[in-house]
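Student: Supplied in structure tokens, the structure appears directly below.
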Amino acid sequence: MELREKAYAKLNISLDVGAKRDDGYHEMNMVMQTVSLCDELTVAQTDDGRISARSNLRFIPSDDRNLAVKAAKVFQAAAGSEGQGLLLTLKKRIPVGAGMAGGSSDAAAVLRALNRMHGGRFSRTELEALAGQVGSDVAFCVAGGTALAKGRGEILEALPPLPACAIAICKPEFSISTPELFRKLDSAPLRHHPDTAGILEALARGELRAVCRRMYNVFEDVGDRRMRTVCQIKSRMLDFGALGSIMTGTGSAVFGIFSDRGAAQAAARSLEKDYKFACVAEPVGRLPE
């Protein structure tokens with residue numbers, strides 16, 4: 001048996017970081033959005049009893065270091081199907097090290113595909129709980145859409161959808177270490193926080209411009225020389241007519257939201273000449289169970 005599933009990227013419409021918890025994680029408060037840029041996953045049953053992954057990118061691990069493999073093992077343990085061999089084939093399109101949850105999205109796609117393979121063994125809520133055992137962003141990636149994420153990112157509240165728009169995404173050559181940014185954040189107090197409540201109100205009213213005016217990522221305030229490049233990309237997005245532009249996650253990808261798709265495409269074409277990756281995507285709503 002073989003199943004295919006899309007693994008959609010996520011963007012942070014806002015990202016706020018609170019106090020450090022007893023478990024070493026920080027309290028997070030984020031508005032997350034699924035977008036149409038995606039990896040493609042194929043799950044095939046095998047007879048060797050092993051779970052392994054392969055990808056079009058040679059440096060992607062094929063063992064337990066890959067969240068997709070970890071997700072398959074978590075699912076099998078919960079479903080009582082350990083020992084069933086699986087080959088997970090990933091066609092990667094989401095940039096690696098971009099803050100777009102590529103690995104988490106792959107893991108979520110594995111959970112959705114295996115749940116279909118097992119005849120809907122788990123409900124959406126149960127699948128999200130399994131996802132929490134795999135990684136912080138995986139639960140959001142299971143359901144997707146527009147959501148408020150708290151805790152480590154696993155406490156989710158579905159929100160009204162982001163109004164129709166075009167989203168230009170650009171990733172520079174470098175990636176940014178998530179643990180490194182959190183260490184820098186801990187060493188200096190935050191000067192600003194996003195207006196999360198204002199974003200929620202704007203989403204409830206369906207006001208795209210009001211959402212974009214309030215987009216903010218606290219990691220952009222961290223003293224890191226690479227943020228100069230982030231600011232340069234943001235400025236170019238705004239020059240092309242973006243309603244708002246911020247870095248997603250801990251970076252290094254930057255996105256701009258446009259009301260006009262042609263302007264978003266023009267921004268992506270221009271940025272692609274100078275940076276590693278640029279594309280245009282659209283918001284994606286909640287994914288089917």
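Order determines the names: the first chain of the structure tokens is A, the second B, and so forth; residues in each chain are numbered 1 upward, and ligands are numbered 1 upward as they are shown.
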Can you list, as a ChimeraX atom specification, every protein, DNA or RNA residue that comes within 7 Å of region 202-205 of chain A when you count only C-alpha atoms, leaving out same-chain residues fewer than 4 positions away?

Tutor: /A:160-162,198,210-211

Student: Given the selection you just returned, output its residues as a file containing all heavy atoms, formatted as a tab-separated table (two decimals), in the first residue's frame.

Tutor:
chain	number	residue	atom	x	y	z
A	160	PRO	N	-10.13	32.55	12.75
A	160	PRO	CA	-10.68	32.85	11.42
A	160	PRO	C	-9.55	32.90	10.40
A	160	PRO	O	-8.43	33.31	10.72
A	160	PRO	CB	-11.33	34.23	11.60
A	160	PRO	CG	-11.60	34.32	13.07
A	160	PRO	CD	-10.50	33.57	13.74
A	161	PRO	N	-9.81	32.49	9.17
A	161	PRO	CA	-8.73	32.40	8.18
A	161	PRO	C	-8.14	33.76	7.82
A	161	PRO	O	-8.83	34.79	7.85
A	161	PRO	CB	-9.41	31.75	6.98
A	161	PRO	CG	-10.86	32.06	7.16
A	161	PRO	CD	-11.10	32.09	8.63
A	162	LEU	N	-6.88	33.76	7.46
A	162	LEU	CA	-6.24	34.95	6.91
A	162	LEU	C	-6.94	35.29	5.60
A	162	LEU	O	-7.14	34.41	4.76
A	162	LEU	CB	-4.76	34.68	6.66
A	162	LEU	CG	-3.90	35.86	6.20
A	162	LEU	CD1	-3.74	36.87	7.33
A	162	LEU	CD2	-2.53	35.36	5.74
A	198	GLY	N	-4.65	42.45	18.98
A	198	GLY	CA	-5.05	43.24	17.81
A	198	GLY	C	-5.11	42.40	16.55
A	198	GLY	O	-6.00	42.59	15.70
A	210	ALA	N	-5.07	45.45	8.53
A	210	ALA	CA	-4.93	45.58	9.98
A	210	ALA	C	-4.07	44.45	10.55
A	210	ALA	O	-3.29	44.65	11.48
A	210	ALA	CB	-6.30	45.60	10.65
A	211	VAL	N	-4.21	43.23	10.00
A	211	VAL	CA	-3.34	42.12	10.40
A	211	VAL	C	-1.89	42.46	10.09
A	211	VAL	O	-1.00	42.34	10.94
A	211	VAL	CB	-3.74	40.81	9.69
A	211	VAL	CG1	-2.70	39.72	9.96
A	211	VAL	CG2	-5.12	40.34	10.15

Student: Might you pull out every residue within 6 Å of Ile169 (chain A), with only C-alpha atoms counted and same-chain residues fewer than 2 positions away left off, and present them as a list in words?

Tutor: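 Contacts, with the query itself left out: Val254, Phe255, Ala278 and Cys279 of chain A.
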
Student: For the residues selected in the previous step, produce a file with N, CA and C atoms as a JSON list (two decimals), in the first residue's frame.

Tutor:
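Output saved as part-v1.json:
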[["chain", "number", "residue", "atom", "x", "y", "z"],
["A", 254, "VAL", "N", 12.14, 35.31, 5.26],
["A", 254, "VAL", "CA", 11.36, 36.53, 5.45],
["A", 254, "VAL", "C", 10.20, 36.47, 4.47],
["A", 255, "PHE", "N", 9.04, 36.95, 4.90],
["A", 255, "PHE", "CA", 7.91, 36.97, 3.97],
["A", 255, "PHE", "C", 7.22, 38.33, 3.99],
["A", 278, "ALA", "N", 13.43, 32.27, -3.40],
["A", 278, "ALA", "CA", 12.27, 33.16, -3.35],
["A", 278, "ALA", "C", 11.12, 32.51, -4.10],
["A", 279, "CYS", "N", 9.90, 32.70, -3.60],
["A", 279, "CYS", "CA", 8.72, 32.13, -4.25],
["A", 279, "CYS", "C", 7.50, 32.93, -3.82]]

Student: Which parts of region 173-274 of chain A does DSSP call helix (DSSP H, G or I) when run on the backbone here, written out as a ChimeraX atom specification?

Tutor: /A:178-187,196-205,208-213,218-221,227-239,261-272

Student: If we count only C-alpha atoms, what is near Thr146 (chain A) at a cut-off of 12 Å, once residues fewer than 6 positions away on the same chain are taken out, given as an NGL selection string?

Tutor: :A and (10-14 or 30-35 or 140 or 156-163 or 199-200 or 203-204 or 283-287)

Student: Can you work out which one of A:Leu111, A:Leu190, A:Leu86, A:Ala7 has the shortest atom-to-atom distance to Asp39 (chain A), counting only C-alpha atoms?

Tutor: A:Ala7

Student: Tell me, as a ChimeraX atom specification, which residues lie within 8 Å of Arg54 (chain A), counting only C-alpha atoms; anything in the same chain fewer than 5 positions away does not count.

Tutor: /A:60-62,87-90

Student: Applying 12 Å and only C-alpha atoms, which residues near Ala139 (chain A) remain after dropping the ones on its own chain fewer than 4 positions away? List them as a tab-separated table (two decimals) with N, CA, C and O atoms, in the first residue's frame.

Tutor:
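Generated file (selection_24.tsv):
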chain	number	residue	atom	x	y	z
A	10	LYS	N	4.77	26.50	7.20
A	10	LYS	CA	4.06	27.44	8.08
A	10	LYS	C	4.84	28.75	8.12
A	10	LYS	O	6.06	28.79	7.94
A	32	MET	N	0.01	31.51	13.80
A	32	MET	CA	0.64	30.69	12.76
A	32	MET	C	-0.28	30.57	11.55
A	32	MET	O	-1.51	30.55	11.69
A	71	ALA	N	7.97	10.43	13.82
A	71	ALA	CA	6.52	10.48	13.81
A	71	ALA	C	5.92	9.11	13.49
A	71	ALA	O	4.92	8.69	14.09
A	101	ALA	N	9.13	25.38	9.46
A	101	ALA	CA	8.63	24.10	9.99
A	101	ALA	C	8.64	22.99	8.94
A	101	ALA	O	7.76	22.13	8.94
A	104	SER	N	8.91	19.62	10.72
A	104	SER	CA	7.68	19.39	11.49
A	104	SER	C	6.51	19.10	10.57
A	104	SER	O	5.65	18.25	10.87
A	105	SER	N	6.46	19.80	9.44
A	105	SER	CA	5.38	19.57	8.48
A	105	SER	C	5.48	18.17	7.87
A	105	SER	O	4.47	17.50	7.66
A	106	ASP	N	6.70	17.73	7.59
A	106	ASP	CA	6.89	16.37	7.08
A	106	ASP	C	6.38	15.35	8.10
A	106	ASP	O	5.71	14.37	7.74
A	107	ALA	N	6.71	15.57	9.38
A	107	ALA	CA	6.26	14.66	10.43
A	107	ALA	C	4.74	14.64	10.52
A	107	ALA	O	4.12	13.59	10.67
A	108	ALA	N	4.12	15.82	10.43
A	108	ALA	CA	2.66	15.90	10.49
A	108	ALA	C	2.03	15.18	9.30
A	108	ALA	O	1.00	14.50	9.45
A	109	ALA	N	2.64	15.31	8.13
A	109	ALA	CA	2.12	14.61	6.95
A	109	ALA	C	2.20	13.11	7.13
A	109	ALA	O	1.30	12.37	6.70
A	111	LEU	N	1.93	11.53	10.00
A	111	LEU	CA	0.84	11.18	10.91
A	111	LEU	C	-0.50	11.13	10.18
A	111	LEU	O	-1.30	10.21	10.38
A	112	ARG	N	-0.75	12.13	9.32
A	112	ARG	CA	-2.02	12.14	8.59
A	112	ARG	C	-2.10	10.96	7.63
A	112	ARG	O	-3.14	10.30	7.51
A	124	ARG	N	-8.75	13.92	15.09
A	124	ARG	CA	-7.83	15.03	14.92
A	124	ARG	C	-7.17	15.41	16.25
A	124	ARG	O	-5.96	15.63	16.33
A	125	THR	N	-7.96	15.46	17.31
A	125	THR	CA	-7.42	15.80	18.63
A	125	THR	C	-6.39	14.78	19.08
A	125	THR	O	-5.33	15.15	19.62
A	126	GLU	N	-6.67	13.51	18.86
A	126	GLU	CA	-5.72	12.46	19.25
A	126	GLU	C	-4.45	12.54	18.42
A	126	GLU	O	-3.34	12.33	18.93
A	127	LEU	N	-4.60	12.86	17.14
A	127	LEU	CA	-3.43	12.97	16.26
A	127	LEU	C	-2.55	14.15	16.69
A	127	LEU	O	-1.32	14.05	16.67
A	128	GLU	N	-3.17	15.24	17.09
A	128	GLU	CA	-2.41	16.40	17.57
A	128	GLU	C	-1.66	16.05	18.86
A	128	GLU	O	-0.53	16.52	19.08
A	129	ALA	N	-2.28	15.24	19.71
A	129	ALA	CA	-1.61	14.81	20.94
A	129	ALA	C	-0.38	13.96	20.61
A	129	ALA	O	0.68	14.11	21.24
A	130	LEU	N	-0.50	13.06	19.63
A	130	LEU	CA	0.65	12.29	19.20
A	130	LEU	C	1.73	13.21	18.63
A	130	LEU	O	2.93	13.02	18.87
A	131	ALA	N	1.30	14.21	17.88
A	131	ALA	CA	2.24	15.16	17.28
A	131	ALA	C	3.07	15.87	18.34
A	131	ALA	O	4.25	16.16	18.13
A	132	GLY	N	2.45	16.15	19.49
A	132	GLY	CA	3.17	16.81	20.58
A	132	GLY	C	4.33	15.99	21.10
A	132	GLY	O	5.27	16.54	21.68
A	133	GLN	N	4.30	14.67	20.90
A	133	GLN	CA	5.41	13.81	21.30
A	133	GLN	C	6.57	13.88	20.32
A	133	GLN	O	7.69	13.47	20.65
A	134	VAL	N	6.31	14.41	19.13
A	134	VAL	CA	7.34	14.44	18.08
A	134	VAL	C	8.11	15.75	18.09
A	134	VAL	O	9.34	15.77	17.99
A	135	GLY	N	7.41	16.88	18.21
A	135	GLY	CA	8.07	18.17	18.18
A	135	GLY	C	7.08	19.30	18.40
A	135	GLY	O	5.86	19.12	18.27
A	143	ALA	N	-3.07	20.06	11.64
A	143	ALA	CA	-4.35	20.64	11.25
A	143	ALA	C	-4.19	21.82	10.31
A	143	ALA	O	-5.00	22.04	9.42
A	144	GLY	N	-3.12	22.61	10.53
A	144	GLY	CA	-2.85	23.75	9.66
A	144	GLY	C	-3.89	24.86	9.77
A	144	GLY	O	-4.58	24.99	10.78
A	145	GLY	N	-3.97	25.66	8.73
A	145	GLY	CA	-4.88	26.80	8.72
A	145	GLY	C	-4.27	28.00	9.42
A	145	GLY	O	-3.08	28.26	9.33
A	147	ALA	N	-3.97	29.70	13.24
A	147	ALA	CA	-4.17	29.29	14.63
A	147	ALA	C	-3.31	30.11	15.57
A	147	ALA	O	-2.24	30.60	15.20
A	148	LEU	N	-3.79	30.22	16.80
A	148	LEU	CA	-3.01	30.78	17.90
A	148	LEU	C	-2.35	29.61	18.61
A	148	LEU	O	-3.01	28.64	18.98
A	149	ALA	N	-1.03	29.69	18.77
A	149	ALA	CA	-0.27	28.60	19.40
A	149	ALA	C	0.38	29.11	20.67
A	149	ALA	O	1.06	30.14	20.67
A	150	LYS	N	0.17	28.38	21.76
A	150	LYS	CA	0.74	28.76	23.06
A	150	LYS	C	1.50	27.57	23.64
A	150	LYS	O	1.60	26.51	23.03
A	151	GLY	N	2.01	27.75	24.87
A	151	GLY	CA	2.82	26.71	25.47
A	151	GLY	C	4.13	26.59	24.72
A	151	GLY	O	4.80	27.59	24.44
A	152	ARG	N	4.50	25.38	24.36
A	152	ARG	CA	5.67	25.17	23.49
A	152	ARG	C	5.30	25.34	22.03
A	152	ARG	O	6.14	25.22	21.15
A	153	GLY	N	4.00	25.58	21.78
A	153	GLY	CA	3.47	25.64	20.43
A	153	GLY	C	2.43	24.57	20.19
A	153	GLY	O	1.81	24.52	19.13
A	154	GLU	N	2.21	23.73	21.22
A	154	GLU	CA	1.30	22.59	21.06
A	154	GLU	C	-0.12	22.89	21.53
A	154	GLU	O	-1.04	22.11	21.28
A	155	ILE	N	-0.33	24.03	22.23
A	155	ILE	CA	-1.67	24.41	22.69
A	155	ILE	C	-2.26	25.31	21.61
A	155	ILE	O	-1.82	26.45	21.41
A	156	LEU	N	-3.27	24.81	20.92
A	156	LEU	CA	-3.74	25.46	19.70
A	156	LEU	C	-5.19	25.92	19.80
A	156	LEU	O	-6.02	25.25	20.39
A	157	GLU	N	-5.45	27.07	19.19
A	157	GLU	CA	-6.81	27.59	19.06
A	157	GLU	C	-7.01	28.00	17.61
A	157	GLU	O	-6.30	28.88	17.10

Student: Compare A:Gly103, A:Pro95, A:Arg236, A:His118 by their minimum atom-to-atom distance to Phe75 (chain A), counting only C-alpha atoms, and give me the closest one.

Tutor: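 Ranking A:Gly103, A:Pro95, A:Arg236, A:His118 by distance to Phe75 (chain A), first place goes to A:His118.
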
Student: Kindly indicate which residue among A:Gln265, A:Ala53, A:Arg93, A:Ala79 lies nearest to Phe122 (chain A), using only C-alpha atoms for the distances.

Tutor: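 The answer is A:Ala79, which sits nearest to Phe122 (chain A).
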
Student: Quote the spacing between CA of Lys92 (chain A) and CA of Cys38 (chain A) in Å to one decimal place.

Tutor: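 CA of Lys92 (chain A) sits 7.7 Å away from CA of Cys38 (chain A).
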
Student: Counting only C-alpha atoms, figure out which residue out of A:Ile51, A:Leu41, A:Cys165, A:Met117 gets nearest to Gly102 (chain A).

Tutor: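 Nearest candidate to Gly102 (chain A) out of A:Ile51, A:Leu41, A:Cys165, A:Met117: A:Leu41.
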
Student: Just checking: using only C-alpha atoms, which residue out of A:Asn115, A:Ser259, A:Thr248, A:Thr46 ends up closest to Ala9 (chain A)?

Tutor: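 Looking at the shortest contact to Ala9 (chain A), the residue is A:Thr248.
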